[in-house]
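Enquirer: Shown below is the structure under consideration.
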Amino acid sequence: MILYNSTGLGIRSDPAGSGRFGAPRGNRKHQGIDRLCVSEQIIKAEIEGTLVLAYPYPDDKIYTGCRIWGKSWMVKMFYFIPIPALIGCKVLSGEAIGIAQDISQKYGGGMLAHIHVGLYKLNPTLLVNPELHLDTEENRLKEGGY
């Protein structure tokens with residue numbers, strides 16, 4: 001399975017830290033990747049599935065995002081405002097699903113605006129390193145080529 005790049009940009013690395021999978025976050029590890037974005041840019045679906053509204057912080061409803069539930073995979077995408085009409089609907093990989101928020105306003109410290117992407121294999125639900133599913137030539141060849 002190859003993820004669609006929801007922002008068209010690379011993985012965040014800035015004075016606030018790394019957006020790579022497993023990067024240190026205090027006493028825990030980062031459970032996804034952070035794709036760079038520009039505030040208010042169009043965000044696209046990483047996978048095909050049903051879009052469900054989600055919040056990254058239970059006590060802060062300013063920042064939003066979604067879970068996209070596919071047949072075998074689920075993706076969490078945070079720090080964007082989903083298009084209301086798409087909530088509860090099936091979306092296609094690469095389909096426009098919302099507008100980026102600027103999470104750097106919450107954290108500061110030189111953090112760049114980004115979209116957090118967490119990837120989970122279903123049945124049972126297992127966290128997966130999204131970097132193994134980025135749209136690269138190497139990963140495309142593993143999937144059977146172009």
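As shown in the structure tokens, the chain order sets the letters A, B, ...; within each chain, residues go from 1, and ligands are also counted from 1 in the order they appear.
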Write out as number ranges by chain the set of residues from chain A that DSSP, computed on the backbone, places in strand (DSSP E or B).
Expert: A: 11, 13-14, 17-18, 24-25, 28-29, 33-36, 42-44, 49-54, 65-69, 73-78, 80-82, 90-91, 96-100, 114-121, 126-128
Enquirer: Do a neighbour search on Arg67 of chain A at 7 Å with only C-alpha atoms, toss out local chain neighbours closer than 6 positions, and write the hits as a list in words.
Expert: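 These residues fall inside the cut-off: Leu51, Val52, Leu53, Ala54, Met74, Val75, Lys76 and Met77 of chain A.
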Enquirer: Given the selection you just returned, output its residues as a file containing N, CA and C atoms, formatted as an mmCIF file, in the first residue's frame.
Expert:
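Below you can see result_1.cif, which holds the result:
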```cif
data_model
loop_
_atom_site.group_PDB
_atom_site.id
_atom_site.type_symbol
_atom_site.label_atom_id
_atom_site.label_comp_id
_atom_site.auth_asym_id
_atom_site.auth_seq_id
_atom_site.Cartn_x
_atom_site.Cartn_y
_atom_site.Cartn_z
ATOM 1 N N LEU A 51 -14.287 8.918 5.709
ATOM 2 C CA LEU A 51 -13.702 10.015 6.487
ATOM 3 C C LEU A 51 -14.566 10.263 7.727
ATOM 4 N N VAL A 52 -13.918 10.219 8.897
ATOM 5 C CA VAL A 52 -14.590 10.456 10.175
ATOM 6 C C VAL A 52 -13.868 11.603 10.877
ATOM 7 N N LEU A 53 -14.611 12.597 11.342
ATOM 8 C CA LEU A 53 -14.036 13.734 12.059
ATOM 9 C C LEU A 53 -13.304 13.249 13.303
ATOM 10 N N ALA A 54 -12.136 13.826 13.584
ATOM 11 C CA ALA A 54 -11.354 13.457 14.771
ATOM 12 C C ALA A 54 -10.628 14.689 15.304
ATOM 13 N N MET A 74 -6.130 2.163 8.321
ATOM 14 C CA MET A 74 -6.738 3.388 8.842
ATOM 15 C C MET A 74 -5.634 4.418 8.963
ATOM 16 N N VAL A 75 -5.936 5.636 8.562
ATOM 17 C CA VAL A 75 -4.975 6.729 8.657
ATOM 18 C C VAL A 75 -5.571 7.813 9.551
ATOM 19 N N LYS A 76 -4.742 8.353 10.456
ATOM 20 C CA LYS A 76 -5.117 9.533 11.242
ATOM 21 C C LYS A 76 -4.406 10.718 10.615
ATOM 22 N N MET A 77 -5.146 11.777 10.340
ATOM 23 C CA MET A 77 -4.566 12.992 9.766
ATOM 24 C C MET A 77 -5.048 14.163 10.614
#
```
Enquirer: From the options A:Ala16, A:Cys89, A:Cys66, A:Ile43, which residue's atoms come nearest to Gly118 of chain A, counting only C-alpha atoms?
Expert: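 Comparing A:Ala16, A:Cys89, A:Cys66, A:Ile43 against Gly118 of chain A, the winner is A:Cys66.
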Enquirer: Using only C-alpha atoms for the distances, tell me which of A:Ile103, A:Leu126, A:Leu86, A:Ile11 is nearest to Glu40 of chain A.
Expert: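 Under the stated criterion, the closest residue is A:Ile103.
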Enquirer: If we count only C-alpha atoms and set the cut-off at 6 Å, which residues sit around Lys44 of chain A, ignoring sequence neighbours fewer than 4 positions away in its own chain? Please answer as a list in words.
Expert: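 Returned residues: Ser6, Gly94, Glu95, Ala96 and Ile97 of chain A.
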Enquirer: Write out the residues from the selection above, keeping N, CA and C atoms, as an mmCIF file, in the first residue's frame.
Expert:
```cif
data_model
loop_
_atom_site.group_PDB
_atom_site.id
_atom_site.type_symbol
_atom_site.label_atom_id
_atom_site.label_comp_id
_atom_site.auth_asym_id
_atom_site.auth_seq_id
_atom_site.Cartn_x
_atom_site.Cartn_y
_atom_site.Cartn_z
ATOM 1 N N SER A 6 -0.418 13.904 1.080
ATOM 2 C CA SER A 6 -1.547 14.814 1.305
ATOM 3 C C SER A 6 -1.213 16.284 1.099
ATOM 4 N N GLY A 94 -6.044 10.876 -2.716
ATOM 5 C CA GLY A 94 -5.723 12.046 -3.528
ATOM 6 C C GLY A 94 -6.851 13.048 -3.655
ATOM 7 N N GLU A 95 -8.025 12.727 -3.117
ATOM 8 C CA GLU A 95 -9.167 13.651 -3.169
ATOM 9 C C GLU A 95 -8.986 14.772 -2.140
ATOM 10 N N ALA A 96 -9.337 16.000 -2.513
ATOM 11 C CA ALA A 96 -9.285 17.131 -1.588
ATOM 12 C C ALA A 96 -10.266 16.887 -0.446
ATOM 13 N N ILE A 97 -9.768 16.985 0.806
ATOM 14 C CA ILE A 97 -10.625 16.694 1.956
ATOM 15 C C ILE A 97 -10.666 17.828 2.984
#
```
Enquirer: Run DSSP on the backbone and tell me which residues of chain A come out as alpha helix (DSSP H); list them as a list in words.
Expert: Ser104, Gln105, Lys106, Tyr107, Glu137, Glu138, Asn139, Arg140, Leu141 and Lys142 of chain A
Enquirer: Save the residues we just selected, C-alpha atoms, as an mmCIF file, in the first residue's frame?
Expert:
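Result saved to part_11.cif:
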```
data_model
loop_
_atom_site.group_PDB
_atom_site.id
_atom_site.type_symbol
_atom_site.label_atom_id
_atom_site.label_comp_id
_atom_site.auth_asym_id
_atom_site.auth_seq_id
_atom_site.Cartn_x
_atom_site.Cartn_y
_atom_site.Cartn_z
ATOM 1 C CA SER A 104 2.987 26.091 14.682
ATOM 2 C CA GLN A 105 0.767 28.721 16.345
ATOM 3 C CA LYS A 106 0.033 26.268 19.175
ATOM 4 C CA TYR A 107 3.610 25.141 19.803
ATOM 5 C CA GLU A 137 10.517 4.455 -6.314
ATOM 6 C CA GLU A 138 11.819 1.905 -3.801
ATOM 7 C CA ASN A 139 8.382 1.401 -2.210
ATOM 8 C CA ARG A 140 6.667 1.288 -5.632
ATOM 9 C CA LEU A 141 9.042 -1.510 -6.703
ATOM 10 C CA LYS A 142 8.187 -3.467 -3.517
#
```
Enquirer: Just checking: using only C-alpha atoms, which residue out of A:Gly49, A:Pro130, A:Gly109, A:Gly8 ends up closest to Lys90 of chain A?
Expert: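 Looking at the shortest contact to Lys90 of chain A, the residue is A:Gly49.
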Enquirer: Tell me which of A:Glu143, A:Glu48, A:Asp102, A:Asp34 sits closest to Asp14 of chain A, counting only C-alpha atoms.
Expert: A:Asp34
Enquirer: To one decimal place in Å, what is the distance between atom CA of Lys29 of chain A and atom CA of His116 of chain A?
Expert: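 About the pair atom CA of Lys29 of chain A and atom CA of His116 of chain A: they are 13.7 Å apart.
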Enquirer: Please provide the set of residues having any atom within 8 Å of Pro56 of chain A, restricted to only C-alpha atoms, with same-chain residues fewer than 3 positions apart removed, written as a list in words.
Expert: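 The neighbour list is Tyr63, Thr64, Gly65, Phe78 and Tyr79 of chain A.
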Enquirer: Kindly export the residues of the current selection with all heavy atoms, as a PDB file, in the first residue's frame.
Expert:
```pdb
ATOM      1  N   TYR A  63      -8.112  22.570  16.992  1.00  0.00           N
ATOM      2  CA  TYR A  63      -7.398  21.796  15.982  1.00  0.00           C
ATOM      3  C   TYR A  63      -8.186  20.525  15.687  1.00  0.00           C
ATOM      4  O   TYR A  63      -8.658  19.845  16.601  1.00  0.00           O
ATOM      5  CB  TYR A  63      -5.974  21.496  16.436  1.00  0.00           C
ATOM      6  CG  TYR A  63      -5.174  22.772  16.521  1.00  0.00           C
ATOM      7  CD1 TYR A  63      -5.021  23.434  17.728  1.00  0.00           C
ATOM      8  CD2 TYR A  63      -4.645  23.352  15.376  1.00  0.00           C
ATOM      9  CE1 TYR A  63      -4.323  24.633  17.802  1.00  0.00           C
ATOM     10  CE2 TYR A  63      -3.957  24.555  15.435  1.00  0.00           C
ATOM     11  CZ  TYR A  63      -3.798  25.187  16.651  1.00  0.00           C
ATOM     12  OH  TYR A  63      -3.128  26.374  16.712  1.00  0.00           O
ATOM     13  N   THR A  64      -8.329  20.234  14.397  1.00  0.00           N
ATOM     14  CA  THR A  64      -9.149  19.111  13.985  1.00  0.00           C
ATOM     15  C   THR A  64      -8.396  18.245  12.980  1.00  0.00           C
ATOM     16  O   THR A  64      -7.241  18.500  12.654  1.00  0.00           O
ATOM     17  CB  THR A  64     -10.470  19.599  13.348  1.00  0.00           C
ATOM     18  OG1 THR A  64     -10.158  20.417  12.218  1.00  0.00           O
ATOM     19  CG2 THR A  64     -11.305  20.389  14.325  1.00  0.00           C
ATOM     20  N   GLY A  65      -9.085  17.261  12.493  1.00  0.00           N
ATOM     21  CA  GLY A  65      -8.539  16.360  11.497  1.00  0.00           C
ATOM     22  C   GLY A  65      -9.522  15.243  11.261  1.00  0.00           C
ATOM     23  O   GLY A  65     -10.726  15.420  11.438  1.00  0.00           O
ATOM     24  N   PHE A  78      -4.110  14.926  11.166  1.00  0.00           N
ATOM     25  CA  PHE A  78      -4.470  16.030  12.047  1.00  0.00           C
ATOM     26  C   PHE A  78      -3.895  17.363  11.582  1.00  0.00           C
ATOM     27  O   PHE A  78      -2.912  17.400  10.860  1.00  0.00           O
ATOM     28  CB  PHE A  78      -3.996  15.757  13.469  1.00  0.00           C
ATOM     29  CG  PHE A  78      -4.705  14.613  14.125  1.00  0.00           C
ATOM     30  CD1 PHE A  78      -3.996  13.619  14.754  1.00  0.00           C
ATOM     31  CD2 PHE A  78      -6.092  14.525  14.112  1.00  0.00           C
ATOM     32  CE1 PHE A  78      -4.648  12.560  15.372  1.00  0.00           C
ATOM     33  CE2 PHE A  78      -6.756  13.470  14.722  1.00  0.00           C
ATOM     34  CZ  PHE A  78      -6.019  12.489  15.357  1.00  0.00           C
ATOM     35  N   TYR A  79      -4.521  18.416  12.075  1.00  0.00           N
ATOM     36  CA  TYR A  79      -4.164  19.818  11.878  1.00  0.00           C
ATOM     37  C   TYR A  79      -4.659  20.361  10.543  1.00  0.00           C
ATOM     38  O   TYR A  79      -3.980  21.083   9.836  1.00  0.00           O
ATOM     39  CB  TYR A  79      -2.663  20.079  12.067  1.00  0.00           C
ATOM     40  CG  TYR A  79      -2.091  19.390  13.281  1.00  0.00           C
ATOM     41  CD1 TYR A  79      -0.899  18.698  13.221  1.00  0.00           C
ATOM     42  CD2 TYR A  79      -2.773  19.425  14.498  1.00  0.00           C
ATOM     43  CE1 TYR A  79      -0.385  18.054  14.327  1.00  0.00           C
ATOM     44  CE2 TYR A  79      -2.268  18.776  15.610  1.00  0.00           C
ATOM     45  CZ  TYR A  79      -1.075  18.094  15.523  1.00  0.00           C
ATOM     46  OH  TYR A  79      -0.569  17.441  16.616  1.00  0.00           O
TER      47      TYR A  79
END
```
Enquirer: Just the residues within 7 Å of Ser39 of chain A, please, counting only C-alpha atoms, with nothing from its chain fewer than 3 positions along; format it as a list of chain:residue names.
Expert: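 The residues that qualify are A:Ala100, A:Gln101, A:Asp102, A:Ala113.
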Enquirer: Let's have the selection written as a JSON list (two decimals), in the first residue's frame, with C-alpha atoms.
Expert:
```json
[["chain", "number", "residue", "atom", "x", "y", "z"],
["A", 100, "ALA", "CA", -4.60, 23.09, 6.52],
["A", 101, "GLN", "CA", -4.42, 24.72, 9.92],
["A", 102, "ASP", "CA", -1.17, 26.17, 11.29],
["A", 113, "ALA", "CA", 3.22, 24.06, 9.81]]
```
